[in-house]
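Pasted below: final-v9.cif, mmCIF, C-alpha atoms and all ligand atoms.
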data_data
#
loop_
_atom_site.group_PDB
_atom_site.id
_atom_site.type_symbol
_atom_site.label_atom_id
_atom_site.label_comp_id
_atom_site.auth_asym_id
_atom_site.auth_seq_id
_atom_site.Cartn_x
_atom_site.Cartn_y
_atom_site.Cartn_z
ATOM 1 C CA MET A 235 -63.396 -2.527 20.846
ATOM 2 C CA LYS A 236 -62.922 0.779 19.029
ATOM 3 C CA LYS A 237 -64.295 -0.856 15.890
ATOM 4 C CA ILE A 238 -67.464 -1.972 17.679
ATOM 5 C CA ILE A 239 -68.047 1.534 19.072
ATOM 6 C CA LEU A 240 -67.592 2.975 15.606
ATOM 7 C CA VAL A 241 -70.067 0.491 14.087
ATOM 8 C CA VAL A 242 -72.609 1.288 16.809
ATOM 9 C CA LEU A 243 -72.142 5.030 16.236
ATOM 10 C CA VAL A 244 -72.587 4.654 12.482
ATOM 11 C CA LEU A 245 -75.702 2.538 12.991
ATOM 12 C CA MET A 246 -77.128 5.167 15.374
ATOM 13 C CA LEU A 247 -76.438 7.905 12.874
ATOM 14 C CA VAL A 248 -78.118 5.963 10.055
ATOM 15 C CA GLY A 249 -81.092 5.304 12.353
ATOM 16 C CA LEU A 250 -81.347 8.986 13.206
ATOM 17 C CA LEU A 251 -81.290 9.977 9.532
ATOM 18 C CA LEU A 252 -84.075 7.500 8.792
ATOM 19 C CA VAL A 253 -86.254 8.867 11.594
ATOM 20 C CA LEU A 254 -85.730 12.566 10.856
ATOM 21 C CA PRO A 255 -88.193 14.017 8.349
ATOM 22 C CA ASN A 256 -86.584 15.115 5.138
ATOM 23 C CA PRO A 257 -88.459 18.153 3.817
ATOM 24 C CA GLN A 258 -86.570 18.144 0.529
ATOM 25 C CA LYS A 259 -87.701 14.608 -0.271
ATOM 26 C CA GLU A 260 -91.296 15.268 0.829
ATOM 27 C CA GLU A 261 -91.512 18.164 -1.616
ATOM 28 C CA ASN A 262 -89.975 16.270 -4.534
ATOM 29 C CA SER A 263 -92.179 13.228 -4.157
ATOM 30 C CA LYS A 264 -95.230 15.197 -5.320
ATOM 31 C CA PHE A 265 -96.108 15.185 -8.994
ATOM 32 C CA LYS A 266 -96.368 18.846 -9.946
ATOM 33 C CA ILE A 267 -98.768 20.043 -12.614
ATOM 34 C CA VAL A 268 -98.483 23.634 -13.802
ATOM 35 C CA THR A 269 -101.233 25.069 -16.023
ATOM 36 C CA SER A 270 -100.878 28.096 -18.265
ATOM 37 C CA PHE A 271 -104.090 29.904 -17.304
ATOM 38 C CA TYR A 272 -107.435 29.598 -15.564
ATOM 39 C CA PRO A 273 -109.482 27.332 -17.914
ATOM 40 C CA MET A 274 -106.679 24.747 -17.860
ATOM 41 C CA TYR A 275 -106.389 25.177 -14.107
ATOM 42 C CA THR A 276 -110.064 24.226 -13.628
ATOM 43 C CA ILE A 277 -109.406 20.936 -15.457
ATOM 44 C CA ALA A 278 -106.196 20.102 -13.612
ATOM 45 C CA LYS A 279 -107.834 20.873 -10.245
ATOM 46 C CA SER A 280 -110.755 18.570 -10.997
ATOM 47 C CA LEU A 281 -108.602 15.733 -12.314
ATOM 48 C CA SER A 282 -106.315 15.819 -9.283
ATOM 49 C CA ALA A 283 -109.000 16.334 -6.630
ATOM 50 C CA GLY A 284 -108.304 14.229 -3.549
ATOM 51 C CA ILE A 285 -104.982 12.868 -4.861
ATOM 52 C CA GLU A 286 -102.483 13.603 -2.120
ATOM 53 C CA ASN A 287 -99.224 13.298 -4.007
ATOM 54 C CA VAL A 288 -100.242 15.629 -6.847
ATOM 55 C CA GLU A 289 -100.098 19.394 -6.690
ATOM 56 C CA VAL A 290 -101.470 21.911 -9.167
ATOM 57 C CA GLU A 291 -100.248 25.428 -9.725
ATOM 58 C CA ASN A 292 -101.519 28.027 -12.155
ATOM 59 C CA MET A 293 -98.751 29.921 -13.974
ATOM 60 C CA ALA A 294 -100.640 33.143 -14.628
ATOM 61 C CA SER A 295 -102.484 34.523 -11.628
ATOM 62 C CA ASN A 296 -106.157 33.534 -11.529
ATOM 63 C CA ASN A 297 -107.363 36.996 -12.486
ATOM 64 C CA ILE A 298 -105.043 37.708 -15.412
ATOM 65 C CA GLY A 299 -107.572 36.921 -18.152
ATOM 66 C CA CYS A 300 -106.766 35.511 -21.582
ATOM 67 C CA LEU A 301 -103.131 34.898 -22.444
ATOM 68 C CA HIS A 302 -103.420 36.258 -25.974
ATOM 69 C CA ASP A 303 -100.595 38.852 -26.050
ATOM 70 C CA TYR A 304 -99.213 37.716 -22.707
ATOM 71 C CA THR A 305 -95.560 38.234 -21.791
ATOM 72 C CA LEU A 306 -93.863 35.701 -19.513
ATOM 73 C CA THR A 307 -92.509 36.912 -16.186
ATOM 74 C CA THR A 308 -89.546 35.535 -14.249
ATOM 75 C CA SER A 309 -91.870 34.185 -11.598
ATOM 76 C CA ASP A 310 -93.833 32.307 -14.304
ATOM 77 C CA LEU A 311 -90.645 30.618 -15.455
ATOM 78 C CA LYS A 312 -89.761 29.765 -11.867
ATOM 79 C CA LYS A 313 -93.063 27.933 -11.431
ATOM 80 C CA ILE A 314 -92.538 25.974 -14.652
ATOM 81 C CA GLU A 315 -88.963 25.094 -13.702
ATOM 82 C CA THR A 316 -90.145 22.636 -11.028
ATOM 83 C CA ALA A 317 -93.118 21.276 -13.007
ATOM 84 C CA ASN A 318 -93.420 17.646 -14.059
ATOM 85 C CA VAL A 319 -95.887 18.677 -16.761
ATOM 86 C CA PHE A 320 -97.095 21.987 -18.168
ATOM 87 C CA ILE A 321 -100.662 22.080 -19.514
ATOM 88 C CA VAL A 322 -101.527 24.576 -22.257
ATOM 89 C CA ASN A 323 -104.737 25.259 -24.179
ATOM 90 C CA GLY A 324 -102.891 25.565 -27.482
ATOM 91 C CA LEU A 325 -104.428 26.937 -30.724
ATOM 92 C CA GLY A 326 -102.226 30.004 -30.505
ATOM 93 C CA ILE A 327 -103.107 31.236 -27.019
ATOM 94 C CA GLU A 328 -99.749 30.461 -25.440
ATOM 95 C CA ASN A 329 -97.489 32.119 -27.983
ATOM 96 C CA PHE A 330 -94.731 32.093 -25.386
ATOM 97 C CA SER A 331 -94.459 28.257 -25.465
ATOM 98 C CA ASP A 332 -91.385 28.465 -27.692
ATOM 99 C CA LYS A 333 -89.573 30.445 -25.053
ATOM 100 C CA ILE A 334 -90.453 27.846 -22.423
ATOM 101 C CA ILE A 335 -89.181 24.977 -24.578
ATOM 102 C CA GLU A 336 -86.036 26.986 -25.253
ATOM 103 C CA THR A 337 -85.474 27.535 -21.530
ATOM 104 C CA TYR A 338 -86.418 24.034 -20.340
ATOM 105 C CA SER A 339 -85.748 21.622 -23.178
ATOM 106 C CA ASN A 340 -86.950 18.650 -21.092
ATOM 107 C CA ILE A 341 -90.325 20.126 -20.180
ATOM 108 C CA LYS A 342 -93.340 17.889 -20.868
ATOM 109 C CA ILE A 343 -96.050 20.016 -22.448
ATOM 110 C CA ILE A 344 -99.636 18.732 -22.598
ATOM 111 C CA GLN A 345 -101.686 20.250 -25.434
ATOM 112 C CA ALA A 346 -105.311 20.282 -24.276
ATOM 113 C CA SER A 347 -106.815 21.128 -27.671
ATOM 114 C CA GLU A 348 -105.158 18.337 -29.645
ATOM 115 C CA ASN A 349 -107.571 17.025 -32.332
ATOM 116 C CA ILE A 350 -110.394 19.348 -31.329
ATOM 117 C CA ASN A 351 -112.324 21.053 -34.116
ATOM 118 C CA ASN A 352 -112.268 24.797 -33.710
ATOM 119 C CA LEU A 353 -114.138 27.683 -35.221
ATOM 120 C CA ILE A 354 -112.188 29.767 -37.694
ATOM 121 C CA ILE A 355 -112.081 33.537 -37.334
ATOM 122 C CA ASP A 356 -110.445 34.114 -40.706
ATOM 123 C CA ASP A 357 -107.889 32.369 -42.924
ATOM 124 C CA GLU A 358 -105.082 33.145 -40.535
ATOM 125 C CA GLU A 359 -106.669 32.864 -37.157
ATOM 126 C CA LYS A 360 -108.469 30.107 -35.261
ATOM 127 C CA ASN A 361 -110.862 30.826 -32.450
ATOM 128 C CA ALA A 362 -108.884 29.362 -29.573
ATOM 129 C CA HIS A 363 -111.483 29.785 -26.816
ATOM 130 C CA VAL A 364 -112.693 26.176 -27.183
ATOM 131 C CA TRP A 365 -113.152 25.557 -23.450
ATOM 132 C CA LEU A 366 -116.381 27.576 -23.688
ATOM 133 C CA SER A 367 -118.040 24.755 -25.613
ATOM 134 C CA ILE A 368 -118.939 22.128 -23.018
ATOM 135 C CA ASP A 369 -118.389 19.234 -25.455
ATOM 136 C CA LYS A 370 -114.971 20.566 -26.460
ATOM 137 C CA TYR A 371 -114.093 21.191 -22.810
ATOM 138 C CA ILE A 372 -114.916 17.520 -22.145
ATOM 139 C CA LYS A 373 -112.537 16.553 -24.983
ATOM 140 C CA GLN A 374 -109.858 18.720 -23.378
ATOM 141 C CA ILE A 375 -110.394 16.868 -20.088
ATOM 142 C CA GLU A 376 -109.990 13.540 -21.890
ATOM 143 C CA ASN A 377 -106.844 14.711 -23.710
ATOM 144 C CA ILE A 378 -105.295 15.909 -20.470
ATOM 145 C CA ARG A 379 -106.310 12.780 -18.540
ATOM 146 C CA VAL A 380 -104.632 10.486 -21.094
ATOM 147 C CA GLU A 381 -101.399 12.492 -20.970
ATOM 148 C CA LEU A 382 -101.361 12.728 -17.174
ATOM 149 C CA ALA A 383 -101.786 8.957 -16.944
ATOM 150 C CA LYS A 384 -98.793 8.596 -19.247
ATOM 151 C CA TYR A 385 -96.488 10.845 -17.223
ATOM 152 C CA ASN A 386 -97.830 9.881 -13.795
ATOM 153 C CA PRO A 387 -98.977 6.237 -14.230
ATOM 154 C CA ASP A 388 -99.214 5.640 -10.462
ATOM 155 C CA ASN A 389 -102.283 7.865 -10.394
ATOM 156 C CA SER A 390 -103.850 6.857 -13.701
ATOM 157 C CA GLU A 391 -106.842 5.191 -11.979
ATOM 158 C CA ASN A 392 -107.402 8.267 -9.803
ATOM 159 C CA TYR A 393 -107.336 10.574 -12.824
ATOM 160 C CA LYS A 394 -109.775 8.278 -14.605
ATOM 161 C CA LYS A 395 -112.221 8.231 -11.699
ATOM 162 C CA ASN A 396 -112.069 12.026 -11.298
ATOM 163 C CA ALA A 397 -112.512 12.554 -15.045
ATOM 164 C CA GLU A 398 -115.589 10.321 -15.132
ATOM 165 C CA GLU A 399 -117.188 12.155 -12.219
ATOM 166 C CA TYR A 400 -116.426 15.589 -13.637
ATOM 167 C CA ILE A 401 -117.589 14.699 -17.169
ATOM 168 C CA SER A 402 -120.842 13.292 -15.846
ATOM 169 C CA LYS A 403 -121.548 16.604 -14.050
ATOM 170 C CA LEU A 404 -120.711 18.503 -17.237
ATOM 171 C CA LYS A 405 -123.118 16.378 -19.262
ATOM 172 C CA ASP A 406 -125.867 17.175 -16.747
ATOM 173 C CA LEU A 407 -124.984 20.839 -17.131
ATOM 174 C CA LYS A 408 -125.236 20.585 -20.919
ATOM 175 C CA ASP A 409 -128.686 18.940 -20.614
ATOM 176 C CA GLU A 410 -129.844 21.689 -18.266
ATOM 177 C CA ILE A 411 -128.652 24.369 -20.704
ATOM 178 C CA ASN A 412 -130.344 22.618 -23.647
ATOM 179 C CA ASN A 413 -133.616 22.396 -21.751
ATOM 180 C CA LYS A 414 -133.589 26.056 -20.751
ATOM 181 C CA THR A 415 -132.515 27.566 -24.077
ATOM 182 C CA LYS A 416 -135.058 26.129 -26.505
ATOM 183 C CA LYS A 417 -135.845 29.547 -27.919
ATOM 184 C CA GLN A 418 -133.139 31.016 -30.124
ATOM 185 C CA LYS A 419 -132.153 34.591 -29.264
ATOM 186 C CA ASN A 420 -130.514 37.147 -31.540
ATOM 187 C CA CYS A 421 -127.538 39.087 -30.227
ATOM 188 C CA LEU A 422 -124.737 41.412 -31.125
ATOM 189 C CA SER A 423 -121.469 40.305 -29.530
ATOM 190 C CA PHE A 424 -118.329 42.271 -28.818
ATOM 191 C CA SER A 425 -116.111 39.307 -28.075
ATOM 192 C CA GLU A 426 -114.954 36.390 -30.204
ATOM 193 C CA SER A 427 -114.797 34.105 -27.174
ATOM 194 C CA ILE A 428 -118.615 34.212 -27.038
ATOM 195 C CA ALA A 429 -118.842 32.231 -30.305
ATOM 196 C CA TYR A 430 -118.543 28.848 -28.543
ATOM 197 C CA LEU A 431 -120.906 29.862 -25.752
ATOM 198 C CA ALA A 432 -123.375 30.982 -28.393
ATOM 199 C CA GLU A 433 -123.509 27.481 -29.896
ATOM 200 C CA ASP A 434 -124.317 25.859 -26.567
ATOM 201 C CA PHE A 435 -126.764 28.554 -25.471
ATOM 202 C CA ASN A 436 -128.686 28.711 -28.779
ATOM 203 C CA LEU A 437 -127.695 32.304 -29.481
ATOM 204 C CA GLU A 438 -127.583 33.712 -32.994
ATOM 205 C CA ILE A 439 -124.732 36.207 -32.871
ATOM 206 C CA GLU A 440 -123.093 38.798 -35.025
ATOM 207 C CA THR A 441 -119.597 39.441 -33.697
ATOM 208 C CA ILE A 442 -118.203 42.923 -34.121
ATOM 209 C CA GLU A 443 -114.743 42.797 -32.685
ATOM 210 C CA THR A 444 -112.272 39.913 -32.742
ATOM 211 C CA ASP A 445 -109.993 40.983 -29.963
ATOM 212 C CA HIS A 446 -110.210 41.147 -26.178
ATOM 213 C CA GLU A 447 -109.714 44.904 -26.015
ATOM 214 C CA GLN A 448 -112.030 46.945 -28.141
ATOM 215 C CA ASN A 449 -111.509 50.481 -26.930
ATOM 216 C CA GLY A 450 -110.267 51.566 -30.318
ATOM 217 C CA LEU A 451 -113.226 50.426 -32.424
ATOM 218 C CA SER A 452 -113.391 52.477 -35.619
ATOM 219 C CA ALA A 453 -116.278 54.881 -36.233
ATOM 220 C CA GLU A 454 -117.115 52.807 -39.283
ATOM 221 C CA MET A 455 -117.419 49.559 -37.294
ATOM 222 C CA LEU A 456 -119.461 51.297 -34.648
ATOM 223 C CA ALA A 457 -121.842 52.649 -37.292
ATOM 224 C CA TYR A 458 -122.124 49.131 -38.765
ATOM 225 C CA ALA A 459 -122.939 47.701 -35.323
ATOM 226 C CA ILE A 460 -125.692 50.256 -34.748
ATOM 227 C CA GLU A 461 -127.175 49.667 -38.183
ATOM 228 C CA TYR A 462 -127.056 45.886 -37.736
ATOM 229 C CA VAL A 463 -128.886 46.048 -34.399
ATOM 230 C CA LYS A 464 -131.568 48.364 -35.790
ATOM 231 C CA GLU A 465 -132.100 46.443 -39.008
ATOM 232 C CA ASN A 466 -132.360 43.049 -37.348
ATOM 233 C CA ASN A 467 -134.360 44.337 -34.407
ATOM 234 C CA ILE A 468 -131.790 42.960 -31.946
ATOM 235 C CA LYS A 469 -132.512 43.429 -28.254
ATOM 236 C CA ASN A 470 -129.399 41.838 -26.755
ATOM 237 C CA ILE A 471 -125.807 43.060 -26.762
ATOM 238 C CA ILE A 472 -123.253 40.681 -25.260
ATOM 239 C CA ILE A 473 -119.893 41.614 -23.851
ATOM 240 C CA ASP A 474 -117.363 39.472 -22.090
ATOM 241 C CA LYS A 475 -116.680 40.133 -18.399
ATOM 242 C CA LYS A 476 -113.062 41.000 -19.241
ATOM 243 C CA THR A 477 -113.757 43.522 -21.997
ATOM 244 C CA ALA A 478 -114.472 47.228 -21.801
ATOM 245 C CA ASP A 479 -118.116 48.215 -22.256
ATOM 246 C CA ASN A 480 -117.778 51.646 -23.901
ATOM 247 C CA ASN A 481 -118.632 50.522 -27.462
ATOM 248 C CA ALA A 482 -121.498 48.359 -26.247
ATOM 249 C CA LYS A 483 -122.862 51.354 -24.315
ATOM 250 C CA THR A 484 -122.759 53.530 -27.423
ATOM 251 C CA VAL A 485 -124.691 50.939 -29.436
ATOM 252 C CA ALA A 486 -127.166 50.403 -26.579
ATOM 253 C CA ASN A 487 -127.812 54.145 -26.297
ATOM 254 C CA GLU A 488 -128.409 54.464 -30.022
ATOM 255 C CA THR A 489 -130.679 51.443 -30.376
ATOM 256 C CA GLY A 490 -132.371 50.704 -27.031
ATOM 257 C CA ALA A 491 -130.875 47.183 -26.929
ATOM 258 C CA LYS A 492 -129.709 45.955 -23.510
ATOM 259 C CA ILE A 493 -126.188 44.944 -22.491
ATOM 260 C CA TYR A 494 -125.584 41.501 -20.964
ATOM 261 C CA VAL A 495 -122.224 40.471 -19.498
ATOM 262 C CA LEU A 496 -121.193 36.840 -19.977
ATOM 263 C CA ASP A 497 -118.239 35.177 -18.307
ATOM 264 C CA SER A 498 -115.637 33.482 -20.529
ATOM 265 C CA ILE A 499 -114.202 31.640 -17.509
ATOM 266 C CA LEU A 500 -110.865 33.397 -17.849
ATOM 267 C CA SER A 501 -110.712 33.929 -14.120
ATOM 268 C CA GLY A 502 -112.495 32.746 -11.018
ATOM 269 C CA PRO A 503 -112.196 31.208 -7.585
ATOM 270 C CA ASP A 504 -109.758 28.468 -6.619
ATOM 271 C CA ASP A 505 -112.491 25.861 -6.658
ATOM 272 C CA GLU A 506 -113.080 22.577 -8.512
ATOM 273 C CA GLN A 507 -116.716 23.365 -9.293
ATOM 274 C CA SER A 508 -116.050 26.829 -10.594
ATOM 275 C CA TYR A 509 -116.467 26.065 -14.338
ATOM 276 C CA ILE A 510 -119.913 24.595 -13.670
ATOM 277 C CA ASN A 511 -120.913 27.433 -11.334
ATOM 278 C CA ILE A 512 -119.877 30.111 -13.825
ATOM 279 C CA MET A 513 -121.743 28.360 -16.663
ATOM 280 C CA LYS A 514 -124.885 28.237 -14.514
ATOM 281 C CA GLN A 515 -124.522 31.966 -13.914
ATOM 282 C CA ASN A 516 -124.187 32.465 -17.698
ATOM 283 C CA LEU A 517 -127.329 30.397 -18.199
ATOM 284 C CA LYS A 518 -129.302 32.678 -15.863
ATOM 285 C CA ILE A 519 -128.146 35.721 -17.818
ATOM 286 C CA VAL A 520 -129.053 34.143 -21.173
ATOM 287 C CA GLU A 521 -132.484 33.188 -19.793
ATOM 288 C CA SER A 522 -133.050 36.821 -18.840
ATOM 289 C CA MET A 523 -132.378 37.993 -22.424
ATOM 290 C CA GLU A 524 -135.200 38.914 -24.698
HETATM 291 ZN ZN ZN A 601 -108.141 34.974 -26.011
#
Write the structure described by the file as structure tokens, please.
Ligand SMILES: [Zn+2]
Amino acid sequence: MKKIILVVLVLMLVGLLLVLPNPQKEENSKFKIVTSFYPMYTIAKSLSAGIENVEVENMASNNIGCLHDYTLTTSDLKKIETANVFIVNGLGIENFSDKIIETYSNIKIIQASENINNLIIDDEEKNAHVWLSIDKYIKQIENIRVELAKYNPDNSENYKKNAEEYISKLKDLKDEINNKTKKQKNCLSFSESIAYLAEDFNLEIETIETDHEQNGLSAEMLAYAIEYVKENNIKNIIIDKKTADNNAKTVANETGAKIYVLDSILSGPDDEQSYINIMKQNLKIVESME
């Protein structure tokens, strides 16, 4: 008799455990993607749109800007600790990757820029801002999709469907840009990240500074910039949204050229369409140039 009561009690307990929600399990059953910074976040968000058991988190906050010269924080490492995959742009932007691999030797890192041709700044340095070329951004999407399907095969069809939809919108965007930028425009640029945008937007650019911060531009470089604008009769000076405008203002004052601010998509809203929306905004600005 005692035995029967015990069996019944055990069965009831097992039943209760099965019925009770287990928050720990719920959490762990999601495939977690962590991205290094905003451009990668826009891709991961689009690829995982509508997939319930996938979550995406951006390591750096959405407004941090480019990760060139970035130092990891403890909260960054905490986010990566629970990630199934970590997506990076590569090409030297995430110089802290070594530290991550050192800390989490099992981490799966997806390199978005694998096998993508990049512009060279000089012998030593590659221009890593490839997401600003729509064609190269599409290649990044494809690279990431293939790797996600490998690590999360259950959702491979979902990733494929989302990638196809997103890429088709991006191709429409590229056509729209091509149609509206038939006339080449000459510009002086104060940001290396503009180089890829310039190709898509039919801009002929001379780039003065190769770094995100250009407060400390030498008098010599500034004089060169002014001379270049005057000699080539340039009407447009481009700066990136994230860079200071003091040097551009000096050149504009000396030459009468106008300053235009383009967005390198280093930050933005938490929204799957944000890359396309920002590019359309850039297109309007380029159309308004002389
Ligand atoms: Zn950068």
Decode the PyMOL selection byres (((chain A and resi 307) around 12) and not hetatm) for the given file into explicit residues and return them as a CSV table (one decimal) with C-alpha atoms, in the coordinates of the input.
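Written out: result.csv:
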chain,number,residue,atom,x,y,z
A,293,MET,CA,-98.8,29.9,-14.0
A,294,ALA,CA,-100.6,33.1,-14.6
A,295,SER,CA,-102.5,34.5,-11.6
A,304,TYR,CA,-99.2,37.7,-22.7
A,305,THR,CA,-95.6,38.2,-21.8
A,306,LEU,CA,-93.9,35.7,-19.5
A,308,THR,CA,-89.5,35.5,-14.2
A,309,SER,CA,-91.9,34.2,-11.6
A,310,ASP,CA,-93.8,32.3,-14.3
A,311,LEU,CA,-90.6,30.6,-15.5
A,312,LYS,CA,-89.8,29.8,-11.9
A,313,LYS,CA,-93.1,27.9,-11.4
A,314,ILE,CA,-92.5,26.0,-14.7
A,330,PHE,CA,-94.7,32.1,-25.4
A,333,LYS,CA,-89.6,30.4,-25.1
A,334,ILE,CA,-90.5,27.8,-22.4
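A straight line drawn from CA of Thr337 (chain A) to CA of Thr269 (chain A) is 16.9 Å long.
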Using the chain letters and numbers from the file, give me the residues hit by the PyMOL selection byres (((chain A and resi 366) around 6) and not hetatm), as an mmCIF file with C-alpha atoms, keeping the file's coordinate frame.
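Wrote result-v3.cif, looks like this:
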data_model
loop_
_atom_site.group_PDB
_atom_site.id
_atom_site.type_symbol
_atom_site.label_atom_id
_atom_site.label_comp_id
_atom_site.auth_asym_id
_atom_site.auth_seq_id
_atom_site.Cartn_x
_atom_site.Cartn_y
_atom_site.Cartn_z
ATOM 1 C CA VAL A 364 -112.693 26.176 -27.183
ATOM 2 C CA TRP A 365 -113.152 25.557 -23.450
ATOM 3 C CA SER A 367 -118.040 24.755 -25.613
ATOM 4 C CA TYR A 430 -118.543 28.848 -28.543
ATOM 5 C CA LEU A 431 -120.906 29.862 -25.752
#
Exercise for review: May I have the residues within 8 Å of Ile428 (chain A) as a PyMOL selection string, using all atoms listed in the file and disregarding those fewer than 3 positions away in the same chain?
Suggested key: chain A and resi 366+423+425+431-432+474+496+498
Study note, to complete from the structure: If you count only C-alpha atoms and all ligand atoms, the residue of A:Pro387, A:Gly490, A:Gly326, A:Gly284 closest to ligand ZN 601 (chain A) turns out to be A:Gly326
Exercise for review: Work out how far CA of Lys514 (chain A) is from CA of Ile468 (chain A), in Å to one decimal.
Suggested key: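 Interatomic distance, CA of Ile468 (chain A) to CA of Lys514 (chain A): 23.8 Å.
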Exercise for review: Report the residues retrieved by the PyMOL selection byres (((not hetatm)) within 12 of (chain A and resi 601)) from the displayed file, expressed as a PyMOL selection string.
Suggested key: chain A and resi 271-273+298-304+323-329+359-366+425-429+444-447+474+476-477+498-500
Using C-alpha atoms, can you export the residues from the last selection as a short mmCIF file (atom, residue, chain, number, x, y, z; two decimals), in the frame of the given file?
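Saved the output as again21.cif:
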data_model
loop_
_atom_site.label_atom_id
_atom_site.label_comp_id
_atom_site.auth_asym_id
_atom_site.auth_seq_id
_atom_site.Cartn_x
_atom_site.Cartn_y
_atom_site.Cartn_z
CA PHE A 271 -104.09 29.90 -17.30
CA TYR A 272 -107.44 29.60 -15.56
CA PRO A 273 -109.48 27.33 -17.91
CA ILE A 298 -105.04 37.71 -15.41
CA GLY A 299 -107.57 36.92 -18.15
CA CYS A 300 -106.77 35.51 -21.58
CA LEU A 301 -103.13 34.90 -22.44
CA HIS A 302 -103.42 36.26 -25.97
CA ASP A 303 -100.60 38.85 -26.05
CA TYR A 304 -99.21 37.72 -22.71
CA ASN A 323 -104.74 25.26 -24.18
CA GLY A 324 -102.89 25.56 -27.48
CA LEU A 325 -104.43 26.94 -30.72
CA GLY A 326 -102.23 30.00 -30.50
CA ILE A 327 -103.11 31.24 -27.02
CA GLU A 328 -99.75 30.46 -25.44
CA ASN A 329 -97.49 32.12 -27.98
CA GLU A 359 -106.67 32.86 -37.16
CA LYS A 360 -108.47 30.11 -35.26
CA ASN A 361 -110.86 30.83 -32.45
CA ALA A 362 -108.88 29.36 -29.57
CA HIS A 363 -111.48 29.78 -26.82
CA VAL A 364 -112.69 26.18 -27.18
CA TRP A 365 -113.15 25.56 -23.45
CA LEU A 366 -116.38 27.58 -23.69
CA SER A 425 -116.11 39.31 -28.08
CA GLU A 426 -114.95 36.39 -30.20
CA SER A 427 -114.80 34.10 -27.17
CA ILE A 428 -118.62 34.21 -27.04
CA ALA A 429 -118.84 32.23 -30.30
CA THR A 444 -112.27 39.91 -32.74
CA ASP A 445 -109.99 40.98 -29.96
CA HIS A 446 -110.21 41.15 -26.18
CA GLU A 447 -109.71 44.90 -26.02
CA ASP A 474 -117.36 39.47 -22.09
CA LYS A 476 -113.06 41.00 -19.24
CA THR A 477 -113.76 43.52 -22.00
CA SER A 498 -115.64 33.48 -20.53
CA ILE A 499 -114.20 31.64 -17.51
CA LEU A 500 -110.86 33.40 -17.85
#
Review point. Between A:Ser339, A:Ser452, A:Ser390, A:Asn352, which one has atoms that come closest to Ile378 (chain A), using all atoms listed in the file?
Key: A:Ser390
**Study point:** Polymer residues at most 8 Å from Ile341 (chain A), all atoms listed in the file, same-chain spacing of 4 or more positions, as a list of chain:residue names
**Key:**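 My list of contacting residues is A:Ala317, A:Asn318, A:Val319, A:Phe320, A:Ile335.
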Would you write out those residues with C-alpha atoms, as a PDB file, in the coordinates of the input?
ATOM      1  CA  ALA A 317     -93.118  21.276 -13.007  1.00  0.00           C
ATOM      2  CA  ASN A 318     -93.420  17.646 -14.059  1.00  0.00           C
ATOM      3  CA  VAL A 319     -95.887  18.677 -16.761  1.00  0.00           C
ATOM      4  CA  PHE A 320     -97.095  21.987 -18.168  1.00  0.00           C
ATOM      5  CA  ILE A 335     -89.181  24.977 -24.578  1.00  0.00           C
TER       6      ILE A 335
END
**Study point:** Who sits within 10 Å of Glu488 (chain A), all atoms listed in the file, same chain under 3 positions skipped, as a list in words
**Key:**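 Non-adjacent residues within range: Ala457, Ile460, Glu461, Val463, Lys464, Ala482, Lys483, Thr484, Val485 and Ala491 of chain A.
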Edge lengths and centre in Å to one decimal, as AutoDock Vina command-line options, is what I'm after for the box along x, y and z that holds all listed atoms of region 408-417 of chain A once 4 Å is added on each side.
--center_x -130.5 --center_y 24.2 --center_z -23.1 --size_x 18.6 --size_y 18.6 --size_z 17.7
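Omitting Val520 (chain A) and its sequence neighbours fewer than 3 positions away, and counting all atoms listed in the file, the residues within 8 Å are Thr415, Phe435, Asn516, Leu517 and Met523 of chain A.
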**Study point:** Distance query Glu381 (chain A) at most 8 Å, only C-alpha atoms, self and fewer than 4 positions along chain excluded, as a PyMOL selection string
**Key:** chain A and resi 344+377+385
Practice item. Report the distance between CA of Glu465 (chain A) and CA of Leu451 (chain A) in Å, rounded to one decimal place. Key: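 These two atoms are separated by 20.4 Å.
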Exercise for review: Compare A:Glu291, A:Glu433, A:Asp497, A:Glu506 by their minimum atom-to-atom distance to Asn396 (chain A), counting all atoms listed in the file, and give me the closest one.
Suggested key: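 Among the listed residues, the smallest separation from Asn396 (chain A) belongs to A:Glu506.
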